[in-house]
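A.B. asks: input-v7.txt is the file, holding compact mmCIF, C-alpha atoms:
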# COMPACT_ATOMS: atom_id res chain seq x y z
CA MET A 155 15.38 -20.68 -40.16
CA ALA A 156 16.51 -19.12 -36.89
CA GLN A 157 13.78 -17.67 -34.68
CA LYS A 158 13.82 -13.88 -34.48
CA PRO A 159 14.48 -12.94 -30.83
CA SER A 160 11.76 -10.93 -29.10
CA ILE A 161 10.29 -10.17 -25.68
CA PRO A 162 6.63 -9.97 -24.57
CA LYS A 163 4.78 -6.70 -25.19
CA GLY A 164 4.86 -4.38 -22.21
CA THR A 165 8.31 -5.56 -21.08
CA ARG A 166 11.76 -4.11 -21.80
CA ASP A 167 15.46 -4.89 -21.79
CA PHE A 168 17.75 -2.48 -19.95
CA GLY A 169 21.29 -1.82 -21.18
CA GLN A 170 24.22 -0.31 -19.31
CA VAL A 171 23.06 3.30 -19.62
CA GLU A 172 19.49 2.44 -18.62
CA MET A 173 20.67 0.46 -15.61
CA ALA A 174 22.95 3.28 -14.43
CA ARG A 175 19.98 5.65 -14.65
CA ARG A 176 17.58 3.21 -12.96
CA ASN A 177 20.03 2.65 -10.13
CA TYR A 178 20.27 6.43 -9.73
CA ILE A 179 16.49 6.50 -9.19
CA PHE A 180 16.52 3.50 -6.83
CA ASP A 181 19.49 4.83 -4.83
CA THR A 182 17.88 8.28 -4.50
CA ILE A 183 14.59 6.82 -3.28
CA LYS A 184 16.31 4.32 -0.94
CA GLY A 185 18.36 7.13 0.58
CA VAL A 186 15.23 9.12 1.46
CA PHE A 187 13.36 6.06 2.78
CA SER A 188 16.30 5.20 5.06
CA LEU A 189 16.50 8.81 6.27
CA TYR A 190 13.04 8.35 7.82
CA GLY A 191 13.88 5.03 9.50
CA PHE A 192 12.28 2.64 7.00
CA GLN A 193 14.01 -0.72 6.45
CA GLN A 194 13.96 -2.98 3.39
CA ILE A 195 12.20 -6.32 2.90
CA GLU A 196 11.42 -8.47 -0.16
CA THR A 197 8.61 -10.93 -0.95
CA PRO A 198 8.33 -13.61 -3.70
CA ALA A 199 7.39 -12.67 -7.27
CA MET A 200 4.47 -15.11 -7.06
CA GLU A 201 1.75 -15.42 -4.44
CA ASN A 202 -1.09 -17.87 -4.00
CA ILE A 203 -3.95 -16.53 -6.12
CA GLY A 204 -6.21 -16.42 -3.05
CA THR A 205 -3.84 -13.88 -1.49
CA LEU A 206 -4.29 -11.55 -4.47
CA MET A 207 -7.91 -11.97 -5.59
CA GLY A 208 -10.53 -9.56 -4.27
CA LYS A 209 -8.06 -6.95 -3.04
CA TYR A 210 -7.87 -4.64 -6.07
CA GLY A 211 -11.48 -4.19 -7.14
CA GLU A 212 -13.20 -5.84 -10.09
CA GLU A 213 -10.96 -4.16 -12.67
CA GLY A 214 -7.76 -5.02 -10.80
CA ASP A 215 -8.71 -8.68 -10.49
CA LYS A 216 -8.99 -8.89 -14.30
CA LEU A 217 -5.39 -7.72 -14.66
CA LEU A 218 -3.80 -10.44 -12.50
CA PHE A 219 -1.26 -12.66 -14.28
CA ARG A 220 -2.06 -16.27 -13.38
CA ILE A 221 0.62 -18.96 -13.44
CA GLN A 222 -0.84 -21.91 -15.35
CA ASN A 223 1.66 -24.59 -14.37
CA SER A 224 3.71 -24.32 -11.21
CA GLY A 225 5.42 -27.71 -11.59
CA GLU A 226 3.35 -29.31 -8.82
CA LYS A 227 0.51 -31.81 -8.97
CA ALA A 228 -2.44 -29.69 -10.07
CA ALA A 229 -4.86 -31.33 -7.66
CA LEU A 230 -2.69 -30.54 -4.63
CA ALA A 231 -1.15 -27.15 -5.41
CA PRO A 232 -3.04 -23.87 -4.92
CA GLU A 233 -3.21 -21.69 -8.03
CA LYS A 234 -0.60 -18.94 -8.13
CA GLY A 235 -0.26 -15.52 -9.69
CA LEU A 236 2.38 -12.86 -10.18
CA ARG A 237 2.05 -10.05 -7.66
CA TYR A 238 -0.06 -7.06 -8.81
CA ASP A 239 1.42 -4.64 -6.29
CA LEU A 240 3.64 -4.74 -3.19
CA THR A 241 1.03 -3.70 -0.59
CA VAL A 242 -1.06 -6.89 -0.44
CA PRO A 243 2.05 -9.13 -0.23
CA PHE A 244 3.28 -6.78 2.50
CA ALA A 245 0.05 -7.28 4.47
CA ARG A 246 0.44 -11.05 4.08
CA TYR A 247 4.07 -10.73 5.24
CA VAL A 248 3.08 -8.76 8.36
CA VAL A 249 0.54 -11.37 9.42
CA GLN A 250 2.81 -14.31 8.66
CA HIS A 251 5.78 -12.75 10.52
CA ARG A 252 3.86 -10.91 13.25
CA GLU A 253 5.93 -12.52 16.04
CA GLU A 254 9.20 -11.27 14.49
CA ILE A 255 8.40 -7.60 13.93
CA SER A 256 7.82 -4.58 16.18
CA PHE A 257 4.93 -2.16 15.67
CA PRO A 258 4.76 0.41 14.26
CA PHE A 259 6.55 -1.45 11.47
CA LYS A 260 8.26 0.82 8.92
CA ARG A 261 9.31 -1.01 5.76
CA PHE A 262 10.24 -0.24 2.20
CA GLN A 263 10.28 -2.59 -0.77
CA ILE A 264 11.66 -2.10 -4.31
CA GLN A 265 10.66 -4.94 -6.64
CA PRO A 266 8.87 -5.57 -9.95
CA VAL A 267 5.11 -6.14 -10.25
CA TRP A 268 3.04 -7.46 -13.15
CA ARG A 269 -0.30 -6.39 -14.62
CA ALA A 270 -2.04 -7.82 -17.70
CA ASP A 271 -2.75 -4.30 -18.96
CA ARG A 272 -2.77 -2.94 -22.51
CA PRO A 273 0.77 -1.60 -23.10
CA GLN A 274 1.08 2.09 -23.99
CA LYS A 275 3.29 5.06 -23.19
CA GLY A 276 3.98 5.09 -19.47
CA ARG A 277 2.08 1.84 -18.92
CA TYR A 278 3.90 -1.50 -18.87
CA ARG A 279 3.04 -5.10 -18.02
CA GLU A 280 6.18 -5.51 -15.95
CA PHE A 281 7.40 -2.55 -13.95
CA TYR A 282 9.11 -1.67 -10.69
CA GLN A 283 7.43 -0.12 -7.66
CA CYS A 284 9.23 1.53 -4.78
CA ASP A 285 6.89 1.17 -1.79
CA VAL A 286 7.17 2.69 1.66
CA ASP A 287 4.64 1.86 4.41
CA VAL A 288 4.19 2.21 8.15
CA ILE A 289 1.74 -0.25 9.70
CA GLY A 290 0.49 -0.61 13.27
CA SER A 291 -0.30 3.04 14.01
CA ASP A 292 -3.39 5.23 13.48
CA SER A 293 -1.36 8.44 13.85
CA LEU A 294 -1.57 10.93 10.99
CA ILE A 295 2.15 11.53 11.50
CA GLY A 296 2.37 8.61 9.06
CA GLU A 297 0.63 10.66 6.37
CA LEU A 298 2.86 13.65 7.15
CA GLU A 299 6.09 11.63 6.81
CA LEU A 300 4.97 10.20 3.47
CA ILE A 301 4.27 13.73 2.21
CA GLN A 302 7.73 14.81 3.42
CA ILE A 303 9.27 11.79 1.66
CA VAL A 304 7.52 12.77 -1.59
CA GLU A 305 8.85 16.31 -1.21
CA GLU A 306 12.44 15.17 -0.61
CA VAL A 307 12.56 12.47 -3.31
CA TYR A 308 11.39 14.83 -6.03
CA ARG A 309 13.59 17.66 -4.74
CA ARG A 310 16.62 15.36 -5.11
CA LEU A 311 15.50 14.20 -8.56
CA GLY A 312 14.77 17.76 -9.68
CA ILE A 313 11.18 17.04 -10.80
CA ASN A 314 8.46 19.65 -10.20
CA VAL A 315 5.36 17.83 -8.93
CA CYS A 316 1.92 18.39 -7.47
CA LEU A 317 0.62 16.08 -4.72
CA HIS A 318 -3.14 15.52 -4.97
CA ILE A 319 -4.74 14.39 -1.71
CA ASN A 320 -8.24 13.29 -0.71
CA ASN A 321 -9.85 11.01 1.88
CA ARG A 322 -11.98 7.93 1.25
CA LYS A 323 -14.12 8.81 4.29
CA ILE A 324 -15.05 12.05 2.52
CA LEU A 325 -16.01 10.00 -0.56
CA ALA A 326 -18.10 7.66 1.63
CA GLY A 327 -19.79 10.73 3.13
CA ILE A 328 -20.54 12.08 -0.33
CA ALA A 329 -22.12 8.73 -1.29
CA GLU A 330 -24.31 8.99 1.82
CA VAL A 331 -25.52 12.55 1.31
CA ILE A 332 -26.43 12.02 -2.37
CA GLY A 333 -28.53 9.02 -1.32
CA ALA A 334 -26.30 6.22 -2.67
CA PRO A 335 -24.37 4.86 0.34
CA ASP A 336 -24.21 1.37 -1.18
CA LYS A 337 -22.64 2.73 -4.38
CA MET A 338 -19.41 4.14 -2.93
CA ILE A 339 -17.18 1.72 -4.86
CA ASP A 340 -19.07 2.44 -8.10
CA ILE A 341 -18.72 6.18 -7.49
CA THR A 342 -14.99 6.01 -6.72
CA VAL A 343 -14.20 3.80 -9.73
CA ALA A 344 -16.05 6.23 -12.02
CA ILE A 345 -14.82 9.60 -10.68
CA ASP A 346 -11.24 8.29 -10.54
CA LYS A 347 -11.37 8.49 -14.37
CA LEU A 348 -12.46 12.14 -14.45
CA ASP A 349 -9.12 13.46 -15.74
CA LYS A 350 -8.98 10.77 -18.44
CA ILE A 351 -12.51 10.69 -19.85
CA GLY A 352 -14.20 13.94 -18.73
CA VAL A 353 -17.24 14.72 -16.64
CA ASN A 354 -19.91 13.69 -19.19
CA ALA A 355 -18.41 10.22 -19.64
CA VAL A 356 -18.07 9.86 -15.85
CA ASN A 357 -21.74 10.78 -15.41
CA ASP A 358 -22.73 8.22 -18.06
CA GLU A 359 -20.70 5.55 -16.25
CA LEU A 360 -22.31 6.47 -12.92
CA ARG A 361 -25.76 5.94 -14.45
CA GLU A 362 -24.60 2.63 -15.97
CA ARG A 363 -23.47 1.59 -12.49
CA GLY A 364 -26.99 2.14 -11.13
CA LEU A 365 -26.95 5.71 -9.78
CA SER A 366 -30.15 7.65 -10.26
CA ASP A 367 -30.28 10.92 -12.21
CA GLU A 368 -30.97 12.68 -8.91
CA ALA A 369 -27.85 11.20 -7.28
CA VAL A 370 -25.67 12.11 -10.30
CA ALA A 371 -27.06 15.66 -10.25
CA ALA A 372 -26.43 15.97 -6.50
CA LEU A 373 -22.81 14.92 -7.09
CA GLN A 374 -21.99 17.66 -9.60
CA PRO A 375 -21.49 20.66 -7.24
CA ILE A 376 -19.22 18.51 -5.06
CA LEU A 377 -17.06 17.48 -8.02
CA ASN A 378 -16.80 21.11 -9.12
CA LEU A 379 -16.01 22.54 -5.66
CA SER A 380 -13.29 25.21 -5.94
CA GLY A 381 -11.35 27.62 -3.76
CA SER A 382 -8.49 27.27 -1.29
CA THR A 383 -7.98 24.14 0.80
CA ALA A 384 -9.51 25.86 3.84
CA GLU A 385 -12.52 26.99 1.77
CA LYS A 386 -13.06 23.51 0.33
CA LEU A 387 -12.90 21.89 3.78
CA ALA A 388 -15.29 24.50 5.22
CA ALA A 389 -17.75 23.85 2.38
CA LEU A 390 -17.47 20.09 2.93
CA ARG A 391 -18.31 20.53 6.62
CA THR A 392 -21.64 22.01 5.54
CA ILE A 393 -22.29 19.56 2.68
CA LEU A 394 -21.45 16.51 4.83
CA ALA A 395 -23.11 17.73 8.03
CA SER A 396 -25.44 14.72 8.08
CA SER A 397 -22.66 12.15 7.52
CA GLU A 398 -20.59 11.04 10.50
CA ILE A 399 -17.98 9.26 8.36
CA GLY A 400 -17.79 12.22 5.98
CA LEU A 401 -17.09 14.65 8.83
CA LYS A 402 -14.43 12.28 10.18
CA GLY A 403 -12.71 12.48 6.80
CA VAL A 404 -12.84 16.28 6.88
CA GLU A 405 -11.30 16.29 10.38
CA GLU A 406 -8.46 14.03 9.23
CA MET A 407 -7.73 16.31 6.27
CA GLU A 408 -7.76 19.37 8.52
CA GLU A 409 -5.24 17.68 10.83
CA VAL A 410 -2.99 16.60 7.95
CA PHE A 411 -2.92 20.12 6.46
CA GLY A 412 -2.25 21.50 9.94
CA LEU A 413 0.78 19.20 10.27
CA ILE A 414 1.94 20.27 6.81
CA GLU A 415 1.82 23.91 7.87
CA THR A 416 3.55 23.20 11.20
CA THR A 417 6.51 21.46 9.55
CA GLY A 418 6.92 23.96 6.72
CA VAL A 419 6.40 21.55 3.82
CA LYS A 420 6.94 23.52 0.60
CA LEU A 421 5.50 20.86 -1.73
CA ASN A 422 2.71 21.88 -4.12
CA ILE A 423 -0.33 20.14 -2.54
CA GLU A 424 -3.93 20.18 -3.76
CA LEU A 425 -7.04 18.87 -2.02
CA ASP A 426 -8.62 17.01 -4.95
CA LEU A 427 -12.16 15.77 -4.28
CA CYS A 428 -12.19 13.88 -7.60
CA LEU A 429 -9.24 11.76 -6.54
CA ALA A 430 -10.56 8.31 -5.63
CA ARG A 431 -7.83 5.73 -6.40
CA GLY A 432 -9.59 2.58 -7.53
CA LEU A 433 -8.10 0.11 -5.04
CA ASN A 434 -10.76 -1.07 -2.60
CA TYR A 435 -8.52 -1.42 0.45
CA TYR A 436 -8.03 2.34 1.02
CA THR A 437 -10.05 3.71 3.96
CA GLY A 438 -8.57 7.15 4.77
CA ALA A 439 -6.18 9.60 3.14
CA ILE A 440 -5.30 8.89 -0.49
CA PHE A 441 -2.42 10.42 -2.48
CA GLU A 442 -1.44 10.84 -6.09
CA VAL A 443 1.60 12.70 -7.47
CA LYS A 444 1.83 14.12 -10.98
CA ALA A 445 4.79 15.72 -12.73
CA LEU A 446 4.02 19.33 -13.66
CA ASP A 447 6.31 19.49 -16.70
CA ALA A 448 5.51 16.13 -18.35
CA GLN A 449 2.25 14.54 -19.52
CA ILE A 450 2.51 11.02 -18.16
CA GLY A 451 -0.14 10.50 -15.46
CA SER A 452 0.47 9.53 -11.86
CA ILE A 453 4.10 8.83 -10.86
CA THR A 454 3.43 8.15 -7.15
CA GLY A 455 0.29 7.07 -5.32
CA GLY A 456 -1.00 5.48 -2.14
CA GLY A 457 -3.12 5.93 0.95
CA ARG A 458 -4.35 4.76 4.36
CA TYR A 459 -5.75 1.26 4.81
CA ASP A 460 -7.33 0.33 8.15
CA ASN A 461 -7.82 -3.41 7.90
CA LEU A 462 -5.83 -4.91 5.03
CA THR A 463 -4.24 -7.43 7.40
CA GLY A 464 -7.71 -8.46 8.64
CA ILE A 465 -8.28 -10.61 5.55
CA PHE A 466 -5.25 -12.65 6.62
CA GLY A 467 -6.39 -13.07 10.25
CA LEU A 468 -4.92 -10.00 11.96
CA PRO A 469 -7.75 -7.42 12.23
CA GLY A 470 -7.57 -3.81 13.37
CA VAL A 471 -4.03 -2.99 12.20
CA SER A 472 -3.97 0.33 10.39
CA GLY A 473 -1.31 1.29 7.88
CA VAL A 474 -0.46 3.99 5.38
CA GLY A 475 1.88 3.83 2.40
CA ILE A 476 2.81 5.18 -0.99
CA SER A 477 4.41 3.72 -4.10
CA PHE A 478 6.86 5.47 -6.42
CA GLY A 479 6.58 4.27 -10.03
CA ALA A 480 10.24 3.93 -11.01
CA ASP A 481 9.52 3.36 -14.72
CA ARG A 482 7.37 6.47 -15.07
CA ILE A 483 9.90 8.50 -13.08
CA TYR A 484 12.55 7.25 -15.53
CA ASP A 485 10.45 8.44 -18.46
CA VAL A 486 9.95 11.87 -16.87
CA LEU A 487 13.68 12.28 -16.14
CA THR A 488 14.47 11.24 -19.73
CA GLU A 489 11.89 13.59 -21.28
CA LEU A 490 13.11 16.55 -19.18
CA ASP A 491 16.82 15.63 -19.57
CA LEU A 492 17.33 15.59 -15.79
CA PHE A 493 19.67 12.61 -15.39
CA PRO A 494 23.14 13.65 -14.16
CA LYS A 495 25.63 13.55 -17.01
CA GLU A 496 28.20 11.63 -14.94
CA LEU A 497 25.89 8.59 -14.97
CA GLN A 498 26.99 7.91 -18.54
CA SER A 499 30.04 6.07 -17.23
CA GLU A 500 30.89 4.44 -13.94
CA THR A 501 34.48 3.73 -15.05
CA GLN A 502 36.88 6.52 -14.06
CA ILE A 503 39.94 5.46 -16.03
CA LEU A 504 40.96 3.05 -18.81
CA PHE A 505 44.50 1.75 -19.30
CA ALA A 506 45.53 1.58 -22.98
CA THR A 507 48.80 -0.16 -23.91
CA PHE A 508 51.10 -0.50 -26.94
CA GLY A 509 52.39 -4.03 -26.32
CA ASN A 510 52.31 -7.14 -24.12
CA ASP A 511 55.12 -5.90 -21.83
CA GLU A 512 53.20 -2.64 -21.33
CA LEU A 513 50.01 -4.62 -20.66
CA ARG A 514 51.67 -6.59 -17.86
CA TYR A 515 53.22 -3.36 -16.48
CA ALA A 516 49.76 -1.71 -16.42
CA LEU A 517 48.17 -4.57 -14.48
CA ARG A 518 50.06 -3.54 -11.31
CA TRP A 519 48.71 0.01 -11.63
CA VAL A 520 45.18 -1.27 -12.26
CA LYS A 521 45.35 -3.37 -9.09
CA ALA A 522 46.58 -0.40 -7.03
CA LEU A 523 43.80 1.89 -8.31
CA ARG A 524 41.08 -0.67 -7.64
CA GLU A 525 42.40 -1.21 -4.13
CA ALA A 526 42.05 2.55 -3.66
CA GLY A 527 38.38 2.30 -4.66
CA ILE A 528 38.77 3.79 -8.14
CA THR A 529 36.70 2.12 -10.87
CA THR A 530 39.32 1.04 -13.39
CA GLU A 531 39.40 -0.88 -16.67
CA ILE A 532 42.23 -2.16 -18.83
CA PHE A 533 41.79 -2.85 -22.54
CA PRO A 534 42.42 -6.61 -22.72
CA GLU A 535 44.80 -6.63 -25.69
CA PRO A 536 47.39 -4.14 -26.97
CA THR A 537 45.62 -3.42 -30.25
CA LYS A 538 45.63 -0.20 -32.28
CA MET A 539 45.49 2.87 -30.02
CA LYS A 540 42.62 4.31 -32.09
CA LYS A 541 40.46 1.29 -31.18
CA GLN A 542 41.32 1.58 -27.49
CA MET A 543 40.54 5.30 -27.46
CA GLY A 544 37.30 4.63 -29.34
CA TYR A 545 36.29 2.21 -26.59
CA ALA A 546 36.91 4.88 -23.95
CA ASP A 547 34.86 7.38 -25.97
CA SER A 548 31.96 4.96 -26.42
CA LYS A 549 31.75 4.42 -22.65
CA HIS A 550 32.30 8.10 -21.81
CA ILE A 551 35.33 7.19 -19.66
CA PRO A 552 36.81 10.53 -18.55
CA PHE A 553 40.50 9.50 -18.30
CA VAL A 554 42.85 7.19 -20.21
CA ALA A 555 46.27 6.07 -18.92
CA ILE A 556 48.49 5.39 -21.94
CA VAL A 557 51.43 3.01 -21.45
CA GLY A 558 54.33 2.75 -23.91
CA GLY A 559 58.02 1.99 -23.63
CA ASP A 560 58.94 5.56 -22.60
CA GLU A 561 56.38 5.58 -19.82
CA MET A 562 57.60 2.22 -18.52
CA ALA A 563 61.23 3.44 -18.50
CA GLN A 564 60.23 6.36 -16.23
CA ASN A 565 57.88 4.23 -14.07
CA LYS A 566 55.00 6.50 -15.07
CA VAL A 567 51.94 6.61 -17.36
CA MET A 568 50.63 9.27 -19.74
CA LEU A 569 47.34 10.52 -18.28
CA LYS A 570 44.92 11.88 -20.89
CA ASN A 571 41.85 13.94 -20.01
CA MET A 572 39.35 12.82 -22.65
CA ALA A 573 37.24 16.00 -22.38
CA SER A 574 40.05 18.55 -22.76
CA GLY A 575 42.62 16.42 -24.60
CA GLU A 576 45.30 17.48 -22.08
CA GLN A 577 48.09 14.91 -21.49
CA ARG A 578 50.76 14.71 -18.78
CA LEU A 579 53.19 12.16 -17.36
CA VAL A 580 52.27 11.08 -13.83
CA SER A 581 53.53 8.69 -11.19
CA LEU A 582 51.19 6.27 -9.42
CA GLU A 583 50.96 8.61 -6.43
CA GLU A 584 50.14 11.57 -8.69
CA LEU A 585 47.58 9.51 -10.58
CA LEU A 586 45.79 8.48 -7.39
CA LYS A 587 45.72 12.10 -6.22
CA ALA A 588 44.38 13.35 -9.56
CA LEU A 589 41.59 10.76 -9.74
CA LYS A 590 40.50 11.21 -6.13
CA SER A 591 40.24 14.96 -6.59
Here is a file; write its structure as structure tokens.
C.D. replies:
Amino acid sequence: MAQKPSIPKGTRDFGQVEMARRNYIFDTIKGVFSLYGFQQIETPAMENIGTLMGKYGEEGDKLLFRIQNSGEKAALAPEKGLRYDLTVPFARYVVQHREEISFPFKRFQIQPVWRADRPQKGRYREFYQCDVDVIGSDSLIGELELIQIVEEVYRRLGINVCLHINNRKILAGIAEVIGAPDKMIDITVAIDKLDKIGVNAVNDELRERGLSDEAVAALQPILNLSGSTAEKLAALRTILASSEIGLKGVEEMEEVFGLIETTGVKLNIELDLCLARGLNYYTGAIFEVKALDAQIGSITGGGRYDNLTGIFGLPGVSGVGISFGADRIYDVLTELDLFPKELQSETQILFATFGNDELRYALRWVKALREAGITTEIFPEPTKMKKQMGYADSKHIPFVAIVGGDEMAQNKVMLKNMASGEQRLVSLEELLKALKS
């Protein structure tokens, strides 16, 4: 009995329509990245497991895909794993190639990553990330440019979003002032789930992670802080008055929002003190973007990391970056019906013929159109015209050039507009002009 074909849970095949739409997303994002001077690199799908372990927090480490057999002698080969994100491999790349690059180094990377997560809507085990980072500069201009990139990408895609922003230094300051400075990671992991599980469940998790009832109680007014951005920052200055690192975080946020105002960013931005982002390597500003018209969770996220390269032997190099989740963006565009209709077909014209002589005649026209940069197909055999027209319909090809004996005698083709049904005899020159217009 033949085996029924299948793929692993949390992975997907992509057909022609899906690929056209995915390339639309990738091309849009690439165009914006390039506009800001970022250049593309790629890294291997697999990394040595030591490169990946310990960089994503305890929960992240559990989701690493390990490669059991790499084809080398087990005693000699280091264990390997599929990359969990693009940021840690990027840090490894920077250190390994430090003599070849100039700082600040502005790179983007669009590749798949793998996580051994439980598959569900909007969450996959294999998915693409579109990362953009600048490393080798402490300037908060880096944060500003990432915010501007978010604004422009989603303006081009037509998605209404809100950018949530916070600062890990503020979170460290909060841990200090509530008397739990050694519990910052526990606090951030817990409050990062606030939107998903609610405040009571977060408080329970905080207690499970060793926070006292007094510390949990002291945290509540901070989590519930409301008002404008300026009012929140002013309140934090008072709350964090005894914390040097906390005040530094407030100053950074004040500068970032000042830059936003100076440059006229129109993006919907919210200072969100419950935003923590679970990855341990963030040290400054952190970002998360959510679509306003679709319930799907974060579609972009990132932040500032001050010493990610230090673990690979290059300390003191600060960077900031964000990652666009292409698969979730795809789902949002699909749900909101925002993909351009012209993506349904990349072919502009199909040649349909009545016989072998007409087929050979059409080949010269096909060659001329392709040389002119027009995406052209020819139906490979002169079968029934209904079948050839059905093929054009199924691929949403907007024009069909019909070739019969009469057309050949006049050195022309019959051009049919598939949307309107209009037909007219045209020469090659007229056909080129019509398709280019």
A.B. asks: Pick from A:Ala245, A:Leu585, A:Ala563, A:Ile301: nearest to A:Lys209, with only C-alpha atoms counted?
C.D. replies: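 Closest residue, counting only C-alpha atoms: A:Ala245.
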A.B. asks: Just give me the gap between atom CA of A:Thr417 and atom CA of A:Glu297 in Å, one decimal is fine.
C.D. replies: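 The value is 12.7 Å.
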A.B. asks: Check which residues of stretch 182-218 of chain A sit at most 12 Å from stretch 471-486 of chain A using all atoms listed in the file, and return one row each with the closest pair of atoms and their distance in Å to one decimal, ordered by chain and rising number, as JSON lines.
C.D. replies:
{"residue": "A:Thr182", "atom": "CA", "partner": "A:Ala480", "partner_atom": "CA", "distance": 10.9}
{"residue": "A:Ile183", "atom": "CA", "partner": "A:Phe478", "partner_atom": "CA", "distance": 8.5}
{"residue": "A:Lys184", "atom": "CA", "partner": "A:Phe478", "partner_atom": "CA", "distance": 11.0}
{"residue": "A:Phe187", "atom": "CA", "partner": "A:Ile476", "partner_atom": "CA", "distance": 11.2}
{"residue": "A:Phe192", "atom": "CA", "partner": "A:Gly475", "partner_atom": "CA", "distance": 11.4}
A.B. asks: Rank A:Gly214, A:Pro494, A:Pro198, A:Gly451 by their smallest atom-to-atom distance to A:Leu311, using all atoms listed in the file, and report the top residue only.
C.D. replies: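 Closest candidate: A:Pro494.
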A.B. asks: Between A:Gly169, A:Pro536, A:Gly204, A:Gly455, which one has atoms that come closest to A:Val557, using all atoms listed in the file?
C.D. replies: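 Among the listed residues, the smallest separation from A:Val557 belongs to A:Pro536.
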A.B. asks: Name all residues at most 12 Å from A:Glu306 (count all atoms listed in the file; drop same-chain ones fewer than 3 positions away) and give them as a ChimeraX atom specification.
C.D. replies: /A:182-187,189-190,299-303,309-315,419-421
A.B. asks: Name the residues, using the chain letters and numbers of the file, that sit within 8 Å of (53.8, 0.7, -25.1) when counting all atoms listed in the file, and give them as a list of chain:residue names.
C.D. replies: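 It turns out the residues near that spot are A:Thr507, A:Phe508, A:Gly509, A:Asp511, A:Glu512, A:Leu513, A:Ile556, A:Val557, A:Gly558, A:Gly559, A:Asp560, A:Glu561, A:Met562.
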A.B. asks: A:Ala445, A:Ile221, A:Ile339, A:Ala384: which is nearest A:Leu365, counting all atoms listed in the file?
C.D. replies: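 When distances to A:Leu365 are compared using all atoms listed in the file, the smallest one comes from A:Ile339.
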A.B. asks: If we count all atoms listed in the file, what is near A:Ala344 at a cut-off of 8 Å, once residues fewer than 2 positions away on the same chain are taken out, given as a list in words?
C.D. replies: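 So the residues in contact are Asp340, Ile341, Thr342, Asp346, Lys347, Leu348, Val356, Glu359 and Leu360 of chain A.
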A.B. asks: Mind checking which residues fall within 12 Å of A:Ser548, counting only C-alpha atoms, ignoring those fewer than 5 positions away in the same chain, and posting them as a list in words?
C.D. replies: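 After dropping sequence-adjacent residues, the list is Gln170, Val171, Gln498, Ser499, Thr501, Leu504, Lys541, Gln542, Met543 and Met572 of chain A.
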A.B. asks: If you count all atoms listed in the file, which residues fall within 10 Å of A:Ser380, apart from same-chain ones fewer than 4 positions away, as a compact mmCIF listing (two decimals) with C-alpha atoms, keeping the file's coordinate frame?
C.D. replies:
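Okay, part.txt is ready:
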# COMPACT_ATOMS: atom_id res chain seq x y z
CA PRO A 375 -21.49 20.66 -7.24
CA ILE A 376 -19.22 18.51 -5.06
CA GLU A 385 -12.52 26.99 1.77
CA LYS A 386 -13.06 23.51 0.33
CA ALA A 389 -17.75 23.85 2.38
CA LEU A 425 -7.04 18.87 -2.02
CA ASP A 426 -8.62 17.01 -4.95
CA LEU A 427 -12.16 15.77 -4.28
A.B. asks: Between atom CA of A:Asn320 and atom CA of A:Ser293, what distance in Å does the model show, to one decimal?
C.D. replies: 16.8 Å
A.B. asks: To one decimal place in Å, what is the distance between atom CA of A:Met173 and atom CA of A:Leu487?
C.D. replies: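 Straight-line distance from atom CA of A:Met173 to atom CA of A:Leu487 works out to 13.7 Å.
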A.B. asks: Measuring atom to atom with all atoms listed in the file, identify which of A:Ala506, A:Arg269, A:Ser452, A:Gln193 is nearest to A:Thr537.
C.D. replies: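 When distances to A:Thr537 are compared using all atoms listed in the file, the smallest one comes from A:Ala506.
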A.B. asks: Using only C-alpha atoms and a cutoff of 12 Å, can you tell me which residues are near (-17.5, 11.2, 10.5) in the file's coordinates, and write them out as a PyMOL selection string?
C.D. replies: chain A and resi 321-328+330+390-391+394-407+438
A.B. asks: What's the 10 Å shell around A:Asp215, counting all atoms listed in the file, without same-chain residues fewer than 4 positions away, as a PyMOL selection string?
C.D. replies: chain A and resi 206-211+219+238+269-270
A.B. asks: Export, as a short mmCIF file (atom, residue, chain, number, x, y, z; two decimals), in the frame of the given file, the selected residues with C-alpha atoms.
C.D. replies:
data_model
loop_
_atom_site.label_atom_id
_atom_site.label_comp_id
_atom_site.auth_asym_id
_atom_site.auth_seq_id
_atom_site.Cartn_x
_atom_site.Cartn_y
_atom_site.Cartn_z
CA LEU A 206 -4.29 -11.55 -4.47
CA MET A 207 -7.91 -11.97 -5.59
CA GLY A 208 -10.53 -9.56 -4.27
CA LYS A 209 -8.06 -6.95 -3.04
CA TYR A 210 -7.87 -4.64 -6.07
CA GLY A 211 -11.48 -4.19 -7.14
CA PHE A 219 -1.26 -12.66 -14.28
CA TYR A 238 -0.06 -7.06 -8.81
CA ARG A 269 -0.30 -6.39 -14.62
CA ALA A 270 -2.04 -7.82 -17.70
#
